[in-house]
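Structure data follow from final34.txt (compact mmCIF, C-alpha atoms and all ligand atoms):
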# COMPACT_ATOMS: atom_id res chain seq x y z
CA MET A 249 91.67 52.84 104.37
CA LYS A 250 94.04 51.23 106.86
CA PRO A 251 94.74 53.33 109.98
CA LEU A 252 97.20 56.08 109.06
CA GLN A 253 99.69 54.89 111.68
CA GLU A 254 99.83 51.49 110.02
CA LEU A 255 100.61 53.11 106.65
CA THR A 256 103.31 55.41 108.04
CA ARG A 257 106.93 54.38 108.59
CA SER A 258 107.32 53.99 112.35
CA ALA A 259 110.43 56.22 112.42
CA ILE A 260 108.34 59.03 110.95
CA TRP A 261 105.29 58.41 113.11
CA GLU A 262 107.52 58.65 116.20
CA LEU A 263 109.69 61.49 114.92
CA THR A 264 110.00 64.66 116.97
CA PRO A 265 110.47 67.29 114.28
CA TYR A 266 113.06 70.06 114.45
CA SER A 267 111.58 73.02 116.23
CA CYS A 268 112.79 76.28 114.75
CA ALA A 269 112.74 79.76 116.26
CA ARG A 270 109.81 80.73 114.04
CA ASP A 271 107.79 77.75 115.30
CA GLU A 272 108.36 78.52 118.97
CA PHE A 273 107.47 82.17 118.78
CA LYS A 274 104.06 82.48 117.20
CA GLY A 275 101.12 84.79 117.19
CA ARG A 276 101.71 88.02 119.10
CA ALA A 277 103.48 90.74 117.19
CA ALA A 278 106.99 91.39 118.42
CA ARG A 279 109.20 94.41 117.92
CA VAL A 280 112.61 92.94 118.63
CA PHE A 281 113.67 89.60 117.16
CA LEU A 282 116.79 88.24 118.86
CA ASP A 283 115.83 84.59 118.73
CA ALA A 284 117.21 83.16 115.47
CA ASN A 285 120.78 84.47 115.18
CA GLU A 286 119.81 86.44 112.09
CA ASN A 287 121.67 89.55 110.99
CA PRO A 288 119.46 92.57 111.85
CA TYR A 289 120.45 94.33 108.62
CA ASN A 290 119.34 93.79 104.98
CA ASN A 291 115.64 93.77 105.74
CA PRO A 292 113.44 91.93 104.73
CA LEU A 293 115.70 89.20 103.36
CA ASN A 294 117.57 88.86 106.67
CA ARG A 295 114.65 87.03 108.28
CA TYR A 296 113.83 83.34 108.03
CA PRO A 297 110.57 82.76 106.13
CA ASP A 298 107.37 81.50 107.74
CA PRO A 299 107.99 77.72 107.88
CA LEU A 300 104.29 76.97 107.25
CA GLN A 301 103.68 79.77 104.70
CA GLU A 302 100.41 80.71 106.39
CA GLU A 303 99.67 83.92 104.53
CA LEU A 304 100.24 82.27 101.17
CA LYS A 305 98.13 79.25 102.12
CA LYS A 306 95.28 81.52 103.16
CA LYS A 307 95.21 83.10 99.70
CA LEU A 308 95.59 79.75 98.00
CA ALA A 309 92.80 78.22 100.09
CA HIS A 310 90.48 80.92 98.83
CA VAL A 311 91.41 80.43 95.16
CA LYS A 312 91.50 76.61 95.21
CA GLY A 313 88.55 75.94 97.50
CA VAL A 314 90.53 73.81 99.97
CA ALA A 315 91.06 74.69 103.67
CA ALA A 316 94.54 76.06 104.46
CA SER A 317 95.00 73.26 107.01
CA LYS A 318 94.75 70.72 104.16
CA ILE A 319 97.50 72.33 102.07
CA PHE A 320 101.21 71.48 102.00
CA LEU A 321 103.62 73.67 100.02
CA GLY A 322 106.97 72.43 98.77
CA ASN A 323 109.96 73.19 96.58
CA GLY A 324 108.09 72.06 93.46
CA SER A 325 105.75 69.05 93.35
CA ASP A 326 108.96 67.09 93.27
CA GLU A 327 109.47 67.76 96.98
CA ALA A 328 105.99 66.46 97.79
CA ILE A 329 106.59 63.35 95.65
CA ASP A 330 109.82 62.58 97.50
CA LEU A 331 108.21 63.21 100.89
CA VAL A 332 105.40 60.75 100.15
CA PHE A 333 108.03 58.03 99.70
CA ARG A 334 109.93 59.06 102.82
CA VAL A 335 106.81 59.22 105.00
CA PHE A 336 105.06 56.02 103.89
CA CYS A 337 107.53 53.60 102.30
CA GLU A 338 110.00 51.56 104.28
CA PRO A 339 113.05 51.05 102.01
CA ARG A 340 113.46 47.46 100.72
CA GLU A 341 110.23 46.41 102.37
CA ASP A 342 107.34 48.40 100.94
CA ASN A 343 106.41 48.98 97.30
CA VAL A 344 104.34 51.38 95.24
CA VAL A 345 102.14 50.81 92.19
CA ALA A 346 101.84 53.33 89.37
CA ILE A 347 100.36 53.65 85.91
CA ALA A 348 102.74 53.31 82.95
CA PRO A 349 103.70 55.38 81.14
CA THR A 350 103.62 58.35 83.47
CA TYR A 351 105.68 61.18 84.95
CA GLY A 352 109.26 60.02 85.49
CA MET A 353 109.81 61.47 88.96
CA TYR A 354 107.73 58.81 90.71
CA SER A 355 110.06 56.01 89.67
CA VAL A 356 113.20 58.13 90.22
CA CYS A 357 112.11 58.94 93.77
CA ALA A 358 111.26 55.27 94.33
CA ALA A 359 114.77 54.29 93.24
CA ILE A 360 116.42 56.98 95.39
CA ASN A 361 114.45 55.78 98.39
CA ASP A 362 115.15 52.10 97.60
CA VAL A 363 111.45 51.30 97.23
CA GLU A 364 110.14 48.78 94.69
CA TYR A 365 108.18 50.44 91.86
CA ARG A 366 105.51 48.46 90.00
CA GLY A 367 104.43 50.07 86.74
CA VAL A 368 101.12 48.79 85.37
CA PRO A 369 100.48 49.60 81.69
CA LEU A 370 97.52 51.70 80.73
CA ARG A 371 95.32 50.23 77.99
CA GLN A 372 96.39 50.82 74.37
CA ASP A 373 94.12 53.88 74.23
CA PHE A 374 95.78 55.21 77.44
CA THR A 375 92.72 54.62 79.64
CA LEU A 376 93.11 53.32 83.19
CA ASP A 377 92.52 49.64 83.92
CA ALA A 378 91.65 49.95 87.62
CA ASP A 379 91.36 46.19 88.12
CA ALA A 380 94.86 45.56 86.73
CA LEU A 381 96.27 48.32 88.91
CA LEU A 382 94.62 46.98 92.06
CA ALA A 383 95.74 43.44 91.21
CA ALA A 384 99.37 44.60 91.21
CA ALA A 385 99.08 45.76 94.83
CA ASP A 386 99.83 43.51 97.80
CA GLU A 387 100.08 43.91 101.57
CA HIS A 388 103.34 45.86 101.19
CA THR A 389 101.92 48.38 98.72
CA LYS A 390 101.69 51.71 100.52
CA VAL A 391 101.00 54.12 97.68
CA ILE A 392 99.31 54.07 94.25
CA TRP A 393 100.46 56.83 91.87
CA LEU A 394 97.98 58.26 89.36
CA CYS A 395 98.46 61.27 87.14
CA SER A 396 95.47 62.95 85.51
CA PRO A 397 95.70 64.45 82.96
CA ASN A 398 98.57 62.06 82.51
CA ASN A 399 102.07 62.96 81.33
CA PRO A 400 103.15 62.07 78.61
CA THR A 401 99.84 60.79 77.20
CA GLY A 402 97.88 64.02 77.83
CA ASN A 403 94.49 62.47 78.58
CA ALA A 404 92.57 62.72 81.86
CA LEU A 405 91.90 59.33 83.46
CA GLU A 406 88.24 58.39 83.66
CA ARG A 407 86.84 59.63 86.94
CA GLN A 408 85.02 56.37 87.63
CA ALA A 409 88.21 54.31 87.34
CA VAL A 410 90.10 56.68 89.65
CA GLU A 411 87.25 56.50 92.16
CA GLN A 412 87.35 52.71 92.04
CA VAL A 413 91.04 52.82 93.01
CA LEU A 414 90.34 55.34 95.79
CA GLN A 415 87.54 53.17 97.18
CA GLN A 416 89.14 49.76 96.89
CA PHE A 417 92.77 50.45 97.78
CA GLU A 418 93.49 50.52 101.51
CA GLY A 419 96.63 52.64 101.26
CA ILE A 420 97.47 56.12 99.99
CA VAL A 421 96.39 57.17 96.48
CA VAL A 422 98.19 60.14 94.92
CA VAL A 423 96.43 61.90 92.04
CA ASP A 424 98.88 64.28 90.36
CA GLU A 425 96.76 67.05 88.83
CA ALA A 426 99.61 69.21 87.53
CA TYR A 427 97.54 69.76 84.35
CA SER A 428 93.99 69.78 85.74
CA ASP A 429 93.77 73.55 85.18
CA PHE A 430 93.54 72.84 81.45
CA ASN A 431 90.25 70.92 81.54
CA ASP A 432 86.82 71.49 83.00
CA GLN A 433 86.46 68.27 84.94
CA ARG A 434 85.93 68.46 88.67
CA PRO A 435 89.39 68.42 90.29
CA PHE A 436 89.97 65.69 92.88
CA ARG A 437 91.20 68.21 95.45
CA LEU A 438 87.51 69.06 96.05
CA ASP A 439 86.83 65.47 97.17
CA LEU A 440 89.25 65.20 100.09
CA GLU A 441 86.38 64.76 102.57
CA LYS A 442 85.15 61.74 100.67
CA TYR A 443 88.54 60.03 100.37
CA PRO A 444 90.75 60.15 103.50
CA ASN A 445 93.49 58.24 101.63
CA LEU A 446 93.75 60.83 98.83
CA ILE A 447 96.70 63.15 98.18
CA VAL A 448 96.29 65.56 95.24
CA LEU A 449 99.26 67.36 93.70
CA ASN A 450 99.19 70.73 91.96
CA THR A 451 101.99 72.99 90.80
CA PHE A 452 102.77 76.59 89.94
CA SER A 453 104.95 75.32 87.06
CA LYS A 454 102.36 74.84 84.30
CA LEU A 455 99.27 77.05 83.84
CA TRP A 456 100.54 79.35 86.60
CA ALA A 457 103.61 80.06 84.49
CA SER A 458 106.01 80.03 87.44
CA ALA A 459 108.25 76.99 87.00
CA ALA A 460 111.24 79.14 88.01
CA ILE A 461 110.02 79.85 91.55
CA ARG A 462 109.67 76.12 92.40
CA LEU A 463 106.35 75.88 94.17
CA GLY A 464 104.34 72.70 94.38
CA ILE A 465 101.16 71.97 96.30
CA ALA A 466 99.81 68.84 98.00
CA TYR A 467 96.24 68.68 99.28
CA ALA A 468 95.28 65.98 101.78
CA SER A 469 93.66 65.35 105.16
CA GLU A 470 95.09 67.36 108.06
CA ASP A 471 96.70 64.21 109.43
CA ILE A 472 98.57 63.49 106.20
CA ILE A 473 99.58 67.16 105.82
CA GLY A 474 100.92 67.00 109.39
CA LEU A 475 103.19 64.09 108.43
CA LEU A 476 104.53 65.89 105.34
CA ASN A 477 105.20 69.03 107.43
CA LYS A 478 107.00 66.98 110.06
CA VAL A 479 109.53 65.64 107.55
CA LYS A 480 110.11 68.64 105.25
CA TYR A 481 113.07 71.00 105.75
CA PRO A 482 111.94 73.74 108.15
CA TYR A 483 112.26 76.58 105.61
CA ASN A 484 111.54 74.65 102.41
CA VAL A 485 109.80 77.53 100.58
CA ASN A 486 111.88 80.70 100.48
CA VAL A 487 110.61 84.26 100.94
CA LEU A 488 111.07 85.30 97.30
CA THR A 489 108.96 82.35 96.17
CA GLN A 490 106.24 83.07 98.72
CA GLN A 491 106.09 86.72 97.71
CA GLN A 492 105.99 85.97 94.00
CA ALA A 493 103.27 83.32 94.45
CA MET A 494 101.12 85.83 96.33
CA LYS A 495 101.55 88.27 93.48
CA MET A 496 100.36 85.61 91.02
CA LEU A 497 97.34 84.86 93.21
CA ASP A 498 96.40 88.54 93.16
CA ASP A 499 96.33 88.57 89.37
CA LEU A 500 93.93 85.81 88.41
CA GLN A 501 92.86 87.59 85.22
CA HIS A 502 96.22 86.74 83.72
CA ILE A 503 95.75 83.07 84.50
CA ASP A 504 92.34 83.01 82.80
CA LEU A 505 93.72 84.79 79.77
CA TRP A 506 96.63 82.38 79.47
CA ARG A 507 94.32 79.41 79.75
CA ALA A 508 92.00 80.71 77.04
CA THR A 509 94.94 81.52 74.74
CA LEU A 510 96.66 78.17 75.20
CA LEU A 511 93.44 76.19 74.72
CA SER A 512 92.62 78.09 71.56
CA GLU A 513 96.16 77.53 70.24
CA ARG A 514 95.83 73.85 71.07
CA THR A 515 92.61 73.72 69.04
CA HIS A 516 94.51 75.02 65.99
CA LEU A 517 97.76 73.14 66.45
CA LEU A 518 96.40 69.63 67.05
CA PRO A 519 94.59 69.10 63.72
CA SER A 520 97.39 70.86 61.82
CA VAL A 521 99.89 68.33 63.13
CA ALA A 522 97.43 65.47 62.65
CA GLU A 523 97.03 66.20 58.93
CA LEU A 524 100.77 66.11 58.20
CA PRO A 525 101.76 63.07 56.13
CA ILE A 526 104.52 62.31 58.67
CA CYS A 527 101.98 62.13 61.52
CA LYS A 528 100.15 58.84 62.08
CA ALA A 529 98.00 59.91 65.03
CA VAL A 530 97.47 62.66 67.53
CA TYR A 531 96.01 61.56 70.85
CA PRO A 532 93.19 63.37 72.68
CA THR A 533 94.50 65.78 75.28
CA ASP A 534 93.26 67.53 78.41
CA ALA A 535 96.55 69.33 79.00
CA ASN A 536 98.76 72.06 77.49
CA PHE A 537 100.62 69.43 75.45
CA PHE A 538 99.77 66.49 73.24
CA LEU A 539 101.30 63.26 72.11
CA ALA A 540 101.78 62.72 68.38
CA ARG A 541 102.72 59.39 66.81
CA MET A 542 105.02 60.04 63.87
CA THR A 543 106.45 58.00 61.04
CA ASP A 544 110.01 58.42 62.38
CA ALA A 545 110.11 60.25 65.72
CA ASP A 546 113.90 60.07 66.24
CA ARG A 547 114.75 61.57 62.87
CA ILE A 548 112.05 64.24 63.10
CA TYR A 549 113.18 65.13 66.61
CA HIS A 550 116.77 65.75 65.46
CA TYR A 551 115.59 67.61 62.39
CA LEU A 552 113.64 69.99 64.65
CA VAL A 553 116.58 70.41 67.02
CA ASP A 554 118.72 71.48 64.04
CA LYS A 555 116.10 74.16 63.36
CA GLY A 556 116.29 75.34 66.97
CA ILE A 557 112.96 73.76 67.98
CA VAL A 558 112.88 71.34 70.90
CA VAL A 559 110.03 68.93 71.54
CA ARG A 560 110.16 65.89 73.80
CA ASN A 561 111.10 62.61 72.20
CA ARG A 562 109.07 59.95 74.03
CA SER A 563 109.62 57.18 71.50
CA ARG A 564 111.45 54.95 73.96
CA VAL A 565 108.63 55.13 76.53
CA GLN A 566 106.23 52.21 77.02
CA LEU A 567 103.22 52.39 74.63
CA CYS A 568 104.72 55.54 73.05
CA ASP A 569 106.64 54.07 70.10
CA ASN A 570 107.54 56.83 67.63
CA CYS A 571 105.82 59.47 69.76
CA LEU A 572 106.77 63.10 70.25
CA ARG A 573 105.31 65.10 73.12
CA ILE A 574 104.62 68.63 71.97
CA THR A 575 103.92 71.55 74.33
CA VAL A 576 101.53 74.25 73.14
CA GLY A 577 103.46 77.53 72.89
CA THR A 578 102.73 81.05 71.69
CA PRO A 579 101.12 81.44 68.24
CA GLU A 580 104.58 82.36 66.84
CA GLU A 581 106.22 79.30 68.38
CA ASN A 582 103.46 76.99 67.16
CA ASN A 583 103.72 78.41 63.66
CA ALA A 584 107.48 77.92 63.69
CA LEU A 585 106.93 74.27 64.61
CA LEU A 586 104.28 73.74 61.92
CA GLY A 587 106.40 75.49 59.29
CA ALA A 588 109.36 73.27 60.06
CA LEU A 589 107.29 70.08 60.08
CA ARG A 590 105.71 70.97 56.72
CA GLN A 591 109.17 71.34 55.18
CA TYR A 592 110.41 68.01 56.53
CA LYS A 593 111.53 65.59 53.81
CA PRO A 594 110.95 61.97 54.87
C1 LIG A 601 105.50 69.25 85.22
C2 LIG A 601 104.91 68.26 86.16
C3 LIG A 601 104.96 68.48 87.54
C4 LIG A 601 105.59 69.72 88.08
O1 LIG A 601 106.61 69.50 88.95
P1 LIG A 601 107.22 70.76 89.72
O2 LIG A 601 108.27 70.13 90.57
O3 LIG A 601 106.10 71.34 90.55
O4 LIG A 601 107.74 71.73 88.72
C5 LIG A 601 104.37 67.56 88.38
N1 LIG A 601 103.75 66.47 87.89
C6 LIG A 601 103.67 66.25 86.57
C7 LIG A 601 102.95 65.06 86.08
C8 LIG A 601 104.27 67.12 85.67
O5 LIG A 601 104.21 66.86 84.36
Could you rewrite the structure in this file as structure tokens?
Amino acid sequence: MKPLQELTRSAIWELTPYSCARDEFKGRAARVFLDANENPYNNPLNRYPDPLQEELKKKLAHVKGVAASKIFLGNGSDEAIDLVFRVFCEPREDNVVAIAPTYGMYSVCAAINDVEYRGVPLRQDFTLDADALLAAADEHTKVIWLCSPNNPTGNALERQAVEQVLQQFEGIVVVDEAYSDFNDQRPFRLDLEKYPNLIVLNTFSKLWASAAIRLGIAYASEDIIGLLNKVKYPYNVNVLTQQQAMKMLDDLQHIDLWRATLLSERTHLLPSVAELPICKAVYPTDANFFLARMTDADRIYHYLVDKGIVVRNRSRVQLCDNCLRITVGTPEENNALLGALRQYKP
């Protein structure tokens, strides 16, 4: 890996971050808070939240097996994705490389930040061609974006190919593991010591069933986490979100139950869709969704919408001709989908 300073935009490296009242007063318990121009009434919502969410990170560290000092929390993973561009990529000068197809926010954030985005196609079977990815990088490539299990394809990238990228690329490698809770492979967040250039993303939006509270996680070295913290808004994760996340972390049984239920539903749903005459292929999945290649995705999509069932039409995405991305729902929802698809008249 290149020295972190060399990878970081100089304006960010030299930035003196905003110092808020809650940063300056730390540690000792106080009785009277007259430092932040808050209204003393309407407790507890009158007070600014902990800018570094320390209590929440402590709980999360325990559950996820990563030190609290290596955790960044943001307003969804989307905040972390945007911050990676703002910290490392000089607009109009630097570029990033990503797999294609993949999650759309990487290229949207690249465009917003005026950073060149180089999408490198996966192989036809959606596996990662590490050599092709590395060949697309040059001296201005600051970040490589990987997503595993990948959205919209659903498959986990082969560990060996991801490790090749981590070892051979000199810049930052992001591995978005939004769906890693749905498979049994070793998550990359446990390998931060081995790869100083690694940033792993997680989210409360999928298995953790909390998309509404907007809470995303980035795991990385303390130095990288320090840069993300320097640039984020001081109070980026609000009190209600922090409280609700702590509640979720205290009720892990629910998470396990949801995982088991969704995986069992997936086991039933996948072959049932695959055997439909209007389905040409269903791709292997390590996530709570799968990609199905249909005879006529556009028409089937609109047919389902008319029946009040929404899936994701991915047929205009690279390598995903005629593909629908289908999320695994409750047994009732999955049956409604299957019932509708069985009645479809080509
Ligand atoms: C859904 C999803 C996320 C979640 O984003 P949030 O902003 O945390 O809701 C992140 N990455 C991928 C690949 C996703 O599919």
Please return as a short mmCIF file (atom, residue, chain, number, x, y, z; two decimals) with C-alpha atoms, in the coordinates of the input the residues found within 10 Å of ligand LIG 601 (chain A), counting all atoms listed in the file.
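Generated output (result29.cif):
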data_model
loop_
_atom_site.label_atom_id
_atom_site.label_comp_id
_atom_site.auth_asym_id
_atom_site.auth_seq_id
_atom_site.Cartn_x
_atom_site.Cartn_y
_atom_site.Cartn_z
CA GLY A 322 106.97 72.43 98.77
CA ASN A 323 109.96 73.19 96.58
CA GLY A 324 108.09 72.06 93.46
CA SER A 325 105.75 69.05 93.35
CA ASP A 326 108.96 67.09 93.27
CA GLU A 327 109.47 67.76 96.98
CA ALA A 328 105.99 66.46 97.79
CA ILE A 329 106.59 63.35 95.65
CA THR A 350 103.62 58.35 83.47
CA TYR A 351 105.68 61.18 84.95
CA GLY A 352 109.26 60.02 85.49
CA MET A 353 109.81 61.47 88.96
CA TYR A 354 107.73 58.81 90.71
CA LEU A 394 97.98 58.26 89.36
CA CYS A 395 98.46 61.27 87.14
CA SER A 396 95.47 62.95 85.51
CA PRO A 397 95.70 64.45 82.96
CA ASN A 398 98.57 62.06 82.51
CA ASN A 399 102.07 62.96 81.33
CA PRO A 400 103.15 62.07 78.61
CA GLY A 402 97.88 64.02 77.83
CA VAL A 423 96.43 61.90 92.04
CA ASP A 424 98.88 64.28 90.36
CA GLU A 425 96.76 67.05 88.83
CA ALA A 426 99.61 69.21 87.53
CA TYR A 427 97.54 69.76 84.35
CA LEU A 449 99.26 67.36 93.70
CA ASN A 450 99.19 70.73 91.96
CA THR A 451 101.99 72.99 90.80
CA PHE A 452 102.77 76.59 89.94
CA SER A 453 104.95 75.32 87.06
CA LYS A 454 102.36 74.84 84.30
CA SER A 458 106.01 80.03 87.44
CA ALA A 459 108.25 76.99 87.00
CA ALA A 460 111.24 79.14 88.01
CA ILE A 461 110.02 79.85 91.55
CA ARG A 462 109.67 76.12 92.40
CA LEU A 463 106.35 75.88 94.17
CA GLY A 464 104.34 72.70 94.38
CA ILE A 465 101.16 71.97 96.30
CA ALA A 535 96.55 69.33 79.00
CA PHE A 537 100.62 69.43 75.45
#
Atomic distance CA of Val422 in chain A - CA of Leu475 in chain A, expressed in Å with one decimal: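 Result for CA of Val422 in chain A versus CA of Leu475 in chain A: 14.9 Å, one decimal.
Neighbours of range 268-278 of chain A closer than or equal to 9 Å, with only C-alpha atoms counted and sequence neighbours fewer than 2 positions away skipped, come out as Tyr266, Val280, Phe281, Asp283, Ala284, Tyr296, Pro297, Asp298, Pro299, Leu300 and Pro482 of chain A.
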Residues just named, written with C-alpha atoms as a tab-separated table (two decimals), in the frame of the given file:
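Output below, filename selection33.tsv:
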chain	number	residue	atom	x	y	z
A	266	TYR	CA	113.06	70.06	114.45
A	280	VAL	CA	112.61	92.94	118.63
A	281	PHE	CA	113.67	89.60	117.16
A	283	ASP	CA	115.83	84.59	118.73
A	284	ALA	CA	117.21	83.16	115.47
A	296	TYR	CA	113.83	83.34	108.03
A	297	PRO	CA	110.57	82.76	106.13
A	298	ASP	CA	107.37	81.50	107.74
A	299	PRO	CA	107.99	77.72	107.88
A	300	LEU	CA	104.29	76.97	107.25
A	482	PRO	CA	111.94	73.74	108.15
One decimal, in Å: what's the spacing between CA of Lys390 in chain A and CA of Asp342 in chain A?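 Computing it gives 6.6 Å between the two atoms.
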Distance query Ala584 in chain A at most 12 Å, only C-alpha atoms, self and fewer than 6 positions along chain excluded, as a list of chain:residue names: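 In the requested form, the answer reads A:Leu517, A:Leu552, A:Lys555, A:Gly556, A:Ile557, A:Val558, A:Val576, A:Gly577, A:Thr578, A:Arg590, A:Gln591.
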Selection near Glu341 in chain A, 9 Å with only C-alpha atoms, sequence-local residues under 2 positions removed, as an MDAnalysis selection string: chainID A and resid 337:339 343 362:364 388
To one decimal place in Å, what is the distance between CA of Val345 in chain A and CA of Gln566 in chain A? 15.8 Å
Long-range neighbours of Glu523 in chain A as a ChimeraX atom specification, 12 Å cut-off, all atoms listed in the file, 5 positions minimum in chain: /A:516-518,528-530,540-542,586,589-590
When you look at Ala384 in chain A with a cut-off of 10 Å (counting all atoms listed in the file), what residues show up, excluding the ones that are within fewer than 5 positions of it in the same chain? I need them as a PyMOL selection string. chain A and resi 344-346+366-368+379+389+392
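Comparing A:Ser563, A:Asn287, A:Asn477, A:Gln301 by their smallest distance to Met494 in chain A, the closest is A:Gln301 (using only C-alpha atoms).
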Which of these, A:Ile548, A:Ile420, A:Ala383, A:Leu585, has the shortest distance to Pro251 in chain A once you count only C-alpha atoms?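 The shortest atom-to-atom distance to Pro251 in chain A comes from A:Ile420.
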Counting all atoms listed in the file, which of A:Leu497, A:Trp261, A:Leu455, A:Pro288 gets nearest to Lys306 in chain A? A:Leu497
For Trp456 in chain A, which of A:Leu440, A:Ile503, A:Asp432, A:Gln412 is the closest residue, counting all atoms listed in the file?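 Closest to Trp456 in chain A, using all atoms listed in the file: A:Ile503.
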